[in-house]
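**Q** Contents of final22.cif (mmCIF, C-alpha atoms) are given next:
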```
data_model
#
loop_
_atom_site.group_PDB
_atom_site.id
_atom_site.type_symbol
_atom_site.label_atom_id
_atom_site.label_comp_id
_atom_site.auth_asym_id
_atom_site.auth_seq_id
_atom_site.Cartn_x
_atom_site.Cartn_y
_atom_site.Cartn_z
ATOM 1 C CA MET A 1 8.093 -23.607 -17.039
ATOM 2 C CA PRO A 2 11.861 -23.294 -17.634
ATOM 3 C CA MET A 3 13.916 -22.052 -14.703
ATOM 4 C CA THR A 4 15.483 -18.589 -14.879
ATOM 5 C CA THR A 5 18.804 -18.045 -13.156
ATOM 6 C CA VAL A 6 19.043 -14.748 -11.279
ATOM 7 C CA ALA A 7 22.024 -13.510 -9.325
ATOM 8 C CA THR A 8 22.956 -11.052 -6.635
ATOM 9 C CA HIS A 9 25.992 -10.500 -4.438
ATOM 10 C CA SER A 10 27.063 -12.837 -1.674
ATOM 11 C CA GLY A 11 27.742 -11.692 1.879
ATOM 12 C CA THR A 12 25.673 -9.250 3.902
ATOM 13 C CA PHE A 13 22.279 -8.533 2.376
ATOM 14 C CA HIS A 14 19.859 -5.633 2.668
ATOM 15 C CA ALA A 15 16.135 -5.198 2.198
ATOM 16 C CA ASP A 16 16.478 -4.118 -1.422
ATOM 17 C CA ASP A 17 18.100 -7.311 -2.692
ATOM 18 C CA CYS A 18 15.651 -9.406 -0.624
ATOM 19 C CA PHE A 19 12.725 -7.605 -2.205
ATOM 20 C CA ALA A 20 14.229 -7.639 -5.685
ATOM 21 C CA PHE A 21 14.415 -11.418 -5.463
ATOM 22 C CA ALA A 22 10.898 -11.643 -4.004
ATOM 23 C CA ILE A 23 9.574 -9.557 -6.906
ATOM 24 C CA LEU A 24 11.331 -11.719 -9.493
ATOM 25 C CA ARG A 25 10.090 -14.907 -7.894
ATOM 26 C CA ALA A 26 6.506 -13.612 -7.898
ATOM 27 C CA ALA A 27 6.740 -12.349 -11.472
ATOM 28 C CA LEU A 28 8.295 -15.537 -12.818
ATOM 29 C CA GLY A 29 5.913 -17.861 -11.007
ATOM 30 C CA GLY A 30 8.584 -19.222 -8.702
ATOM 31 C CA ALA A 31 10.566 -20.666 -11.618
ATOM 32 C CA VAL A 32 13.753 -18.996 -10.393
ATOM 33 C CA THR A 33 17.166 -20.269 -9.398
ATOM 34 C CA LEU A 34 19.117 -17.834 -7.225
ATOM 35 C CA VAL A 35 22.891 -17.538 -7.193
ATOM 36 C CA ARG A 36 24.657 -15.301 -4.665
ATOM 37 C CA SER A 37 28.201 -14.526 -5.771
ATOM 38 C CA ARG A 38 30.634 -11.739 -6.620
ATOM 39 C CA GLU A 39 32.482 -13.733 -9.265
ATOM 40 C CA GLN A 40 32.162 -12.004 -12.613
ATOM 41 C CA ALA A 41 31.833 -15.212 -14.601
ATOM 42 C CA VAL A 42 28.943 -16.361 -12.400
ATOM 43 C CA LEU A 43 27.178 -13.018 -12.735
ATOM 44 C CA GLU A 44 27.617 -12.937 -16.505
ATOM 45 C CA ALA A 45 25.954 -16.345 -16.820
ATOM 46 C CA ALA A 46 22.773 -15.222 -15.041
ATOM 47 C CA ALA A 47 19.733 -13.964 -16.955
ATOM 48 C CA VAL A 48 19.044 -11.256 -14.362
ATOM 49 C CA VAL A 49 21.570 -9.646 -12.028
ATOM 50 C CA PHE A 50 20.533 -7.236 -9.292
ATOM 51 C CA ASP A 51 22.297 -5.095 -6.688
ATOM 52 C CA VAL A 52 25.715 -5.973 -8.053
ATOM 53 C CA GLY A 53 27.649 -5.804 -11.316
ATOM 54 C CA GLY A 54 28.105 -2.060 -11.752
ATOM 55 C CA THR A 55 25.580 -1.793 -14.579
ATOM 56 C CA CYS A 56 21.980 -0.700 -14.922
ATOM 57 C CA ASP A 57 20.808 -2.045 -18.270
ATOM 58 C CA PRO A 58 17.233 -3.364 -18.101
ATOM 59 C CA ALA A 59 17.379 -4.671 -21.657
ATOM 60 C CA ALA A 60 20.238 -6.937 -20.581
ATOM 61 C CA GLY A 61 18.626 -7.826 -17.252
ATOM 62 C CA ARG A 62 21.131 -5.812 -15.196
ATOM 63 C CA TYR A 63 19.855 -3.857 -12.172
ATOM 64 C CA ASP A 64 22.648 -2.360 -10.117
ATOM 65 C CA HIS A 65 22.431 1.104 -8.573
ATOM 66 C CA HIS A 66 25.855 1.612 -6.993
ATOM 67 C CA MET A 67 27.443 3.517 -9.877
ATOM 68 C CA ARG A 68 28.550 7.140 -9.810
ATOM 69 C CA ASP A 69 25.853 7.898 -12.405
ATOM 70 C CA ARG A 70 23.202 6.097 -10.369
ATOM 71 C CA PRO A 71 19.644 5.635 -11.681
ATOM 72 C CA LEU A 72 17.090 8.123 -10.325
ATOM 73 C CA ARG A 73 13.330 8.310 -10.225
ATOM 74 C CA PRO A 74 11.651 11.191 -12.099
ATOM 75 C CA SER A 75 11.420 12.890 -8.680
ATOM 76 C CA GLY A 76 15.216 12.814 -8.401
ATOM 77 C CA GLU A 77 15.106 10.220 -5.621
ATOM 78 C CA PRO A 78 17.537 7.305 -6.009
ATOM 79 C CA PHE A 79 16.511 3.810 -6.982
ATOM 80 C CA SER A 80 17.744 0.702 -5.234
ATOM 81 C CA SER A 81 17.683 -2.735 -6.836
ATOM 82 C CA ALA A 82 14.166 -3.251 -5.450
ATOM 83 C CA GLY A 83 12.782 -0.189 -7.233
ATOM 84 C CA LEU A 84 14.590 -0.989 -10.469
ATOM 85 C CA VAL A 85 13.319 -4.567 -10.545
ATOM 86 C CA TRP A 86 9.819 -3.437 -9.547
ATOM 87 C CA ARG A 87 9.782 -0.933 -12.413
ATOM 88 C CA ASP A 88 10.255 -3.736 -14.936
ATOM 89 C CA TYR A 89 8.786 -6.795 -13.206
ATOM 90 C CA GLY A 90 6.183 -5.184 -10.938
ATOM 91 C CA PRO A 91 3.344 -5.463 -13.497
ATOM 92 C CA ARG A 92 4.031 -9.187 -13.982
ATOM 93 C CA ALA A 93 4.278 -9.724 -10.232
ATOM 94 C CA VAL A 94 0.932 -7.995 -9.656
ATOM 95 C CA ARG A 95 -0.812 -10.035 -12.336
ATOM 96 C CA ALA A 96 0.646 -13.226 -10.872
ATOM 97 C CA LEU A 97 -0.445 -12.329 -7.343
ATOM 98 C CA LEU A 98 -3.864 -11.054 -8.494
ATOM 99 C CA PRO A 99 -4.892 -13.265 -11.438
ATOM 100 C CA ALA A 100 -8.308 -11.593 -11.832
ATOM 101 C CA VAL A 101 -7.017 -8.017 -11.802
ATOM 102 C CA THR A 102 -7.756 -5.802 -14.823
ATOM 103 C CA GLU A 103 -4.963 -4.063 -16.706
ATOM 104 C CA THR A 104 -6.117 -0.674 -15.435
ATOM 105 C CA GLU A 105 -6.270 -1.895 -11.847
ATOM 106 C CA ALA A 106 -2.883 -3.617 -12.182
ATOM 107 C CA ALA A 107 -1.245 -0.380 -13.309
ATOM 108 C CA GLN A 108 -2.724 1.463 -10.340
ATOM 109 C CA VAL A 109 -1.591 -1.262 -7.927
ATOM 110 C CA VAL A 110 1.947 -1.108 -9.337
ATOM 111 C CA GLU A 111 1.997 2.653 -8.824
ATOM 112 C CA ARG A 112 0.639 2.471 -5.273
ATOM 113 C CA VAL A 113 3.094 -0.207 -4.150
ATOM 114 C CA ASP A 114 5.948 1.673 -5.784
ATOM 115 C CA GLY A 115 5.022 4.937 -4.080
ATOM 116 C CA GLY A 116 4.855 3.297 -0.668
ATOM 117 C CA LEU A 117 6.703 0.109 0.249
ATOM 118 C CA ILE A 118 9.179 0.039 -2.647
ATOM 119 C CA ARG A 119 10.082 3.733 -2.467
ATOM 120 C CA ASP A 120 10.766 3.464 1.256
ATOM 121 C CA ILE A 121 13.085 0.509 0.664
ATOM 122 C CA ASP A 122 14.893 2.475 -2.052
ATOM 123 C CA LEU A 123 15.344 5.518 0.156
ATOM 124 C CA MET A 124 16.498 3.493 3.153
ATOM 125 C CA ASP A 125 19.038 1.562 1.102
ATOM 126 C CA ASN A 126 20.480 4.782 -0.317
ATOM 127 C CA GLY A 127 20.770 6.510 3.039
ATOM 128 C CA ALA A 128 18.053 8.988 2.117
ATOM 129 C CA MET A 129 15.858 7.941 5.045
ATOM 130 C CA THR A 130 16.793 7.698 8.705
ATOM 131 C CA PRO A 131 16.958 4.039 9.793
ATOM 132 C CA THR A 132 14.975 3.091 12.896
ATOM 133 C CA PRO A 133 14.827 -0.247 14.729
ATOM 134 C CA GLY A 134 11.201 -0.778 13.732
ATOM 135 C CA HIS A 135 11.486 0.043 10.015
ATOM 136 C CA PHE A 136 10.857 -3.025 7.914
ATOM 137 C CA SER A 137 14.170 -2.648 6.099
ATOM 138 C CA THR A 138 15.944 -2.810 9.469
ATOM 139 C CA VAL A 139 13.903 -5.836 10.493
ATOM 140 C CA LEU A 140 14.826 -7.721 7.309
ATOM 141 C CA GLU A 141 18.497 -6.869 7.662
ATOM 142 C CA ALA A 142 18.419 -8.323 11.187
ATOM 143 C CA PHE A 143 18.237 -11.733 9.486
ATOM 144 C CA ASN A 144 21.945 -11.408 8.648
ATOM 145 C CA PRO A 145 23.980 -13.667 10.921
ATOM 146 C CA THR A 146 25.704 -11.755 13.714
ATOM 147 C CA PHE A 147 29.383 -11.985 14.594
ATOM 148 C CA ALA A 148 28.390 -14.117 17.604
ATOM 149 C CA GLU A 149 26.920 -16.780 15.330
ATOM 150 C CA GLU A 150 30.106 -18.471 14.238
ATOM 151 C CA GLU A 151 28.427 -20.863 11.815
ATOM 152 C CA GLY A 152 25.816 -18.521 10.427
ATOM 153 C CA ASP A 153 24.756 -19.475 6.914
ATOM 154 C CA GLU A 154 24.319 -16.237 4.927
ATOM 155 C CA ASP A 155 22.580 -17.899 1.991
ATOM 156 C CA ALA A 156 20.071 -19.611 4.283
ATOM 157 C CA ALA A 157 19.531 -16.323 6.124
ATOM 158 C CA PHE A 158 18.921 -14.537 2.818
ATOM 159 C CA ALA A 159 16.397 -17.181 1.781
ATOM 160 C CA GLU A 160 14.557 -16.760 5.079
ATOM 161 C CA ALA A 161 14.509 -12.960 4.779
ATOM 162 C CA ALA A 162 13.412 -13.122 1.130
ATOM 163 C CA GLU A 163 10.562 -15.456 2.071
ATOM 164 C CA LEU A 164 9.315 -12.860 4.554
ATOM 165 C CA ALA A 165 9.786 -10.115 1.965
ATOM 166 C CA GLY A 166 7.641 -12.110 -0.443
ATOM 167 C CA ARG A 167 4.830 -12.389 2.073
ATOM 168 C CA VAL A 168 4.961 -8.669 2.817
ATOM 169 C CA LEU A 169 4.986 -7.910 -0.907
ATOM 170 C CA ALA A 170 1.898 -10.059 -1.439
ATOM 171 C CA ARG A 171 0.058 -8.232 1.352
ATOM 172 C CA ALA A 172 1.158 -4.831 0.032
ATOM 173 C CA VAL A 173 -0.207 -5.771 -3.395
ATOM 174 C CA ALA A 174 -3.476 -7.038 -1.890
ATOM 175 C CA ARG A 175 -3.952 -3.870 0.154
ATOM 176 C CA ALA A 176 -3.110 -1.653 -2.812
ATOM 177 C CA HIS A 177 -5.695 -3.514 -4.873
ATOM 178 C CA ALA A 178 -8.268 -2.991 -2.122
ATOM 179 C CA ALA A 179 -7.457 0.718 -2.144
ATOM 180 C CA VAL A 180 -7.964 0.833 -5.916
ATOM 181 C CA LEU A 181 -11.337 -0.908 -5.600
ATOM 182 C CA ALA A 182 -12.304 1.445 -2.761
ATOM 183 C CA ALA A 183 -11.463 4.451 -4.927
ATOM 184 C CA GLU A 184 -13.642 3.039 -7.715
ATOM 185 C CA THR A 185 -16.494 2.605 -5.216
ATOM 186 C CA VAL A 186 -16.141 6.165 -3.913
ATOM 187 C CA ALA A 187 -15.914 7.556 -7.442
ATOM 188 C CA GLU A 188 -19.150 5.780 -8.404
ATOM 189 C CA ALA A 189 -20.869 7.062 -5.257
ATOM 190 C CA ALA A 190 -19.788 10.595 -6.126
ATOM 191 C CA ARG A 191 -20.976 10.205 -9.720
ATOM 192 C CA THR A 192 -24.445 9.049 -8.676
ATOM 193 C CA ALA A 193 -24.879 11.213 -5.563
ATOM 194 C CA GLU A 194 -28.111 13.188 -5.272
ATOM 195 C CA ASP A 195 -26.197 15.733 -3.218
ATOM 196 C CA PRO A 196 -22.406 16.072 -3.767
ATOM 197 C CA ARG A 197 -22.053 16.775 -0.063
ATOM 198 C CA ILE A 198 -23.224 13.254 0.832
ATOM 199 C CA LEU A 199 -21.562 10.079 -0.454
ATOM 200 C CA VAL A 200 -23.465 6.838 0.118
ATOM 201 C CA LEU A 201 -21.373 3.664 -0.085
ATOM 202 C CA GLU A 202 -23.175 0.333 -0.315
ATOM 203 C CA ARG A 203 -20.360 -1.584 1.341
ATOM 204 C CA ARG A 204 -17.855 -0.829 4.075
ATOM 205 C CA VAL A 205 -14.756 0.307 2.207
ATOM 206 C CA PRO A 206 -12.041 2.756 3.313
ATOM 207 C CA TRP A 207 -12.937 6.131 1.826
ATOM 208 C CA GLU A 208 -10.605 8.697 3.380
ATOM 209 C CA ASP A 209 -7.767 8.594 0.829
ATOM 210 C CA ALA A 210 -10.163 8.279 -2.099
ATOM 211 C CA VAL A 211 -11.989 11.494 -1.191
ATOM 212 C CA PHE A 212 -8.726 13.410 -1.476
ATOM 213 C CA ASP A 213 -7.264 11.427 -4.378
ATOM 214 C CA LEU A 214 -10.457 12.189 -6.337
ATOM 215 C CA SER A 215 -10.529 15.849 -5.201
ATOM 216 C CA LEU A 216 -14.079 15.567 -3.859
ATOM 217 C CA GLY A 217 -13.971 18.983 -2.240
ATOM 218 C CA GLN A 218 -17.724 19.277 -1.727
ATOM 219 C CA ALA A 219 -18.087 16.033 0.221
ATOM 220 C CA LEU A 220 -19.059 16.582 3.855
ATOM 221 C CA TYR A 221 -20.367 13.186 4.974
ATOM 222 C CA VAL A 222 -19.884 9.563 4.009
ATOM 223 C CA VAL A 223 -22.656 7.046 4.711
ATOM 224 C CA ARG A 224 -21.770 3.344 4.754
ATOM 225 C CA PRO A 225 -22.773 0.055 6.425
ATOM 226 C CA ALA A 226 -21.052 -0.902 9.676
ATOM 227 C CA GLY A 227 -22.048 -4.298 11.003
ATOM 228 C CA LYS A 228 -25.750 -4.240 11.920
ATOM 229 C CA GLN A 229 -26.140 -0.496 11.392
ATOM 230 C CA TRP A 230 -25.106 2.365 9.121
ATOM 231 C CA THR A 231 -22.786 5.213 10.026
ATOM 232 C CA VAL A 232 -22.382 8.812 8.917
ATOM 233 C CA SER A 233 -18.759 9.980 9.009
ATOM 234 C CA ALA A 234 -17.747 13.620 8.719
ATOM 235 C CA VAL A 235 -15.047 14.249 6.102
ATOM 236 C CA PRO A 236 -11.855 15.894 7.417
ATOM 237 C CA PRO A 237 -10.593 19.112 5.808
ATOM 238 C CA GLU A 238 -7.364 17.454 4.733
ATOM 239 C CA ARG A 239 -5.804 14.003 4.654
ATOM 240 C CA THR A 240 -4.984 12.568 8.132
ATOM 241 C CA SER A 241 -6.646 15.499 9.919
ATOM 242 C CA PHE A 242 -8.769 14.789 12.993
ATOM 243 C CA ALA A 243 -10.963 17.830 12.288
ATOM 244 C CA GLN A 244 -14.072 17.899 10.084
ATOM 245 C CA ARG A 245 -15.100 20.047 7.146
ATOM 246 C CA LYS A 246 -18.456 20.368 8.872
ATOM 247 C CA PRO A 247 -18.852 18.623 12.247
ATOM 248 C CA LEU A 248 -22.142 16.958 13.010
ATOM 249 C CA PRO A 249 -24.579 19.343 14.775
ATOM 250 C CA GLU A 250 -23.477 20.459 18.226
ATOM 251 C CA ALA A 251 -26.830 19.473 19.745
ATOM 252 C CA TRP A 252 -26.232 15.839 18.717
ATOM 253 C CA GLY A 253 -22.901 15.345 20.466
ATOM 254 C CA GLY A 254 -22.927 12.458 22.928
ATOM 255 C CA LEU A 255 -26.605 11.522 22.481
ATOM 256 C CA ARG A 256 -27.643 7.879 22.236
ATOM 257 C CA ASP A 257 -30.680 5.779 21.363
ATOM 258 C CA GLY A 258 -33.983 7.393 22.394
ATOM 259 C CA ASP A 259 -32.448 10.767 23.218
ATOM 260 C CA PHE A 260 -30.711 10.878 19.833
ATOM 261 C CA ALA A 261 -33.838 9.717 18.006
ATOM 262 C CA ALA A 262 -35.890 12.417 19.738
ATOM 263 C CA ALA A 263 -33.372 15.136 18.925
ATOM 264 C CA THR A 264 -33.174 14.232 15.222
ATOM 265 C CA GLY A 265 -36.631 12.848 14.479
ATOM 266 C CA VAL A 266 -34.957 9.736 13.034
ATOM 267 C CA ALA A 267 -36.632 6.803 14.772
ATOM 268 C CA ASP A 268 -33.762 4.329 14.416
ATOM 269 C CA ALA A 269 -30.924 6.768 15.193
ATOM 270 C CA THR A 270 -28.495 5.060 17.586
ATOM 271 C CA PHE A 271 -25.650 7.368 18.602
ATOM 272 C CA CYS A 272 -23.555 10.458 17.933
ATOM 273 C CA HIS A 273 -19.960 10.542 19.130
ATOM 274 C CA PRO A 274 -19.236 13.384 21.572
ATOM 275 C CA ALA A 275 -16.564 14.672 19.166
ATOM 276 C CA ARG A 276 -19.258 14.851 16.439
ATOM 277 C CA PHE A 277 -17.307 13.131 13.709
ATOM 278 C CA VAL A 278 -19.535 10.052 13.405
ATOM 279 C CA CYS A 279 -23.115 9.055 14.126
ATOM 280 C CA GLY A 280 -25.301 6.122 13.208
ATOM 281 C CA ALA A 281 -28.690 4.590 12.585
ATOM 282 C CA ILE A 282 -29.978 1.061 12.161
ATOM 283 C CA SER A 283 -31.134 1.549 8.563
ATOM 284 C CA ARG A 284 -29.568 2.995 5.446
ATOM 285 C CA GLU A 285 -32.516 5.365 5.156
ATOM 286 C CA GLY A 286 -32.043 6.566 8.721
ATOM 287 C CA ALA A 287 -28.343 7.238 8.183
ATOM 288 C CA VAL A 288 -28.971 9.094 4.929
ATOM 289 C CA THR A 289 -31.597 11.230 6.707
ATOM 290 C CA LEU A 290 -29.068 12.063 9.443
ATOM 291 C CA ALA A 291 -26.529 13.089 6.800
ATOM 292 C CA LYS A 292 -29.091 15.338 5.085
ATOM 293 C CA LEU A 293 -30.025 16.962 8.405
ATOM 294 C CA ALA A 294 -26.345 17.563 9.232
ATOM 295 C CA ALA A 295 -25.631 19.018 5.792
ATOM 296 C CA GLY A 296 -28.549 21.439 6.200
#
```
Starting from the file, give its structure as structure tokens.
**A**
Amino acid sequence: MPMTTVATHSGTFHADDCFAFAILRAALGGAVTLVRSREQAVLEAAAVVFDVGGTCDPAAGRYDHHMRDRPLRPSGEPFSSAGLVWRDYGPRAVRALLPAVTETEAAQVVERVDGGLIRDIDLMDNGAMTPTPGHFSTVLEAFNPTFAEEEGDEDAAFAEAAELAGRVLARAVARAHAAVLAAETVAEAARTAEDPRILVLERRVPWEDAVFDLSLGQALYVVRPAGKQWTVSAVPPERTSFAQRKPLPEAWGGLRDGDFAAATGVADATFCHPARFVCGAISREGAVTLAKLAAG
């Protein structure tokens, strides 16, 4: 594969140029030569230039965002070079990192990563988010040599930070793909449910976001495998809430094993949390029966 020369500015770097390079490297299969310079002739010779150059022209491979008429997302939020490069190269990066992904899944992964990791980097770089010591953008920027490091090599530091950015990007893509697959699993469970109040998942996938993303307003309980047993989880009334749309029955709270089995009539019932947001049984059938009893 022929090498593609990409360029960004020399000197102090930020999270957005680190991620822009990581995205390009993933999308182009690693066949990338990086040049860090502010010399116009050097920049003009590169196929892709990001975070420098004073121009945002995707057709020409130019992705700066420091102009007076800066590029904005449809929401009105500002892009950084990371968001601009992700917009054009994100789909290729996702397909390279997830070779078996479908086109539909890839598009959803691109959107999820953009709305989370990439958007945060954009906002932080543009001063639209308060920097904190633990924010990942701050952590990456800590790779810049300090004034006390007299012989600090900025290009080597950038390469080290970009390597970390690439690993984080790969994990963000993997987790976004898992979330897409989880949503597909929850959607299928909802489609085939005997009772829309009870969703039965045949594998242990995260379901909380999917219930709200899919607007499953009738869902009260989610049944799924958990190690050697099955659990029944009460659905919260809204995303991130610790409450429940319908808590498990008050009489169940805190019961375990034989006491719980006697109270419910489910022979293999194992426990009910005192806060009544989750209970369990050894078998799938037992857990489904508990969910039906709780739903009433």
**Q** Once the PyMOL selection byres ((chain A and resi 104) around 12) has been evaluated on this model, what residues remain selected, and can you format them as a PyMOL selection string?
**A** chain A and resi 91+94-95+100-103+105-111+177+180-181+184
**Q** Centre and edge lengths, as JSON, for the axis-aligned box enclosing every listed atom of segment 242-248 of chain A with 6 Å of padding on each of the six sides, in Å to one decimal?
**A**
```
{"center_x": -15.5, "center_y": 17.6, "center_z": 10.1, "size_x": 25.4, "size_y": 17.6, "size_z": 17.9}
```
**Q** Give as a PyMOL selection string the set of residues within 6 Å of the point (-18.0, 14.7, 2.9), where distances use the file's coordinates and all atoms listed in the file.
**A** chain A and resi 197-198+219-222+234-235
**Q** Can I get the selected residues back with C-alpha atoms, as a PDB file, in the frame of the given file?
**A**
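Below is the file that was written, part_3.pdb:
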```pdb
ATOM      1  CA  ARG A 197     -22.053  16.775  -0.063  1.00  0.00           C
ATOM      2  CA  ILE A 198     -23.224  13.254   0.832  1.00  0.00           C
ATOM      3  CA  ALA A 219     -18.087  16.033   0.221  1.00  0.00           C
ATOM      4  CA  LEU A 220     -19.059  16.582   3.855  1.00  0.00           C
ATOM      5  CA  TYR A 221     -20.367  13.186   4.974  1.00  0.00           C
ATOM      6  CA  VAL A 222     -19.884   9.563   4.009  1.00  0.00           C
ATOM      7  CA  ALA A 234     -17.747  13.620   8.719  1.00  0.00           C
ATOM      8  CA  VAL A 235     -15.047  14.249   6.102  1.00  0.00           C
TER       9      VAL A 235
END
```
**Q** Would you write out, as a PyMOL selection string, every residue that the PyMOL selection byres ((chain A and resi 41-58) around 8) captures in this file?
**A** chain A and resi 4-9+16-17+20+37-40+59-67+71+80-81+85+88
**Q** Taking (11.0, -23.7, -9.6) as a centre in this file's frame and 10 Å as the limit, can you find every polymer residue with an atom that close, using all atoms listed in the file, and give them as a list in words?
**A**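 Counting all atoms listed in the file, I find these residues within 10 Å of (11.0, -23.7, -9.6): Met1, Pro2, Met3, Thr4, Arg25, Leu28, Gly29, Gly30, Ala31, Val32 and Thr33 of chain A.
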**Q** Select, from A:Val205, A:Ala82, A:Ala27, A:Ile121, the residue with the minimum atom-to-atom distance to Ala179 of chain A, counting only C-alpha atoms.
**A** A:Val205
**Q** Report as a VMD selection string the full result of the PyMOL selection byres ((chain A and resi 214) around 10) when it is applied to this structure.
**A** chain A and resid 183 to 184 186 to 187 190 209 to 213 215 to 217
**Q** Which distance in Å separates atom CA of Arg175 of chain A and atom CA of Val200 of chain A, to one decimal?
**A**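 These atoms are spaced 22.3 Å apart.
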**Q** So how many Å separate atom CA of Ser241 of chain A and atom CA of Asp122 of chain A, to one decimal?
**A**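 Going from atom CA of Ser241 of chain A over to atom CA of Asp122 of chain A, I get 27.9 Å.
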**Q** Taking only C-alpha atoms into account, name the residue in A:Thr132, A:Thr12, A:Ala262, A:Glu208 that is nearest to Phe242 of chain A.
**A**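 Once distances to Phe242 of chain A are computed over only C-alpha atoms, the minimum belongs to A:Glu208.
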**Q** What is the distance, in Å and to one decimal place, between atom CA of Glu77 of chain A and atom CA of Arg239 of chain A?
**A**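 Computed distance, atom CA of Glu77 of chain A to atom CA of Arg239 of chain A, equals 23.6 Å.
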**Q** Considering only C-alpha atoms, return as a PDB file with C-alpha atoms, keeping the file's coordinate frame whatever protein or nucleic-acid residues lie within 8 Å of Asp268 of chain A, sequence-local ones (same chain, fewer than 5 positions apart) excluded.
**A**
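The new file result34.pdb reads:
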```pdb
ATOM      1  CA  ASP A 257     -30.680   5.779  21.363  1.00  0.00           C
ATOM      2  CA  ALA A 261     -33.838   9.717  18.006  1.00  0.00           C
ATOM      3  CA  ALA A 281     -28.690   4.590  12.585  1.00  0.00           C
ATOM      4  CA  ILE A 282     -29.978   1.061  12.161  1.00  0.00           C
ATOM      5  CA  SER A 283     -31.134   1.549   8.563  1.00  0.00           C
ATOM      6  CA  GLY A 286     -32.043   6.566   8.721  1.00  0.00           C
TER       7      GLY A 286
END
```
**Q** Taking only C-alpha atoms into account, which of A:Arg92, A:Glu149, A:Arg73, A:Leu97 comes nearest Leu123 of chain A?
**A**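 Answer, going by the shortest atom-to-atom distance: A:Arg73.
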**Q** Using all atoms listed in the file, can you tell me which of A:Asp195, A:Asp153, A:Glu238, A:Asp259 comes closest to Gly296 of chain A?
**A**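 Answer, going by the shortest atom-to-atom distance: A:Asp195.
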**Q** Which polymer residues have any atom within 7 Å of an atom of Gly280 of chain A, counting all atoms listed in the file, with same-chain residues fewer than 6 positions away left out, as a PDB file with C-alpha atoms, keeping the file's coordinate frame?
**A**
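To be explicit, this is the file written out as result04.pdb:
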```
ATOM      1  CA  GLN A 229     -26.140  -0.496  11.392  1.00  0.00           C
ATOM      2  CA  TRP A 230     -25.106   2.365   9.121  1.00  0.00           C
ATOM      3  CA  THR A 231     -22.786   5.213  10.026  1.00  0.00           C
ATOM      4  CA  VAL A 232     -22.382   8.812   8.917  1.00  0.00           C
ATOM      5  CA  ALA A 269     -30.924   6.768  15.193  1.00  0.00           C
ATOM      6  CA  THR A 270     -28.495   5.060  17.586  1.00  0.00           C
ATOM      7  CA  PHE A 271     -25.650   7.368  18.602  1.00  0.00           C
ATOM      8  CA  CYS A 272     -23.555  10.458  17.933  1.00  0.00           C
ATOM      9  CA  ALA A 287     -28.343   7.238   8.183  1.00  0.00           C
TER      10      ALA A 287
END
```
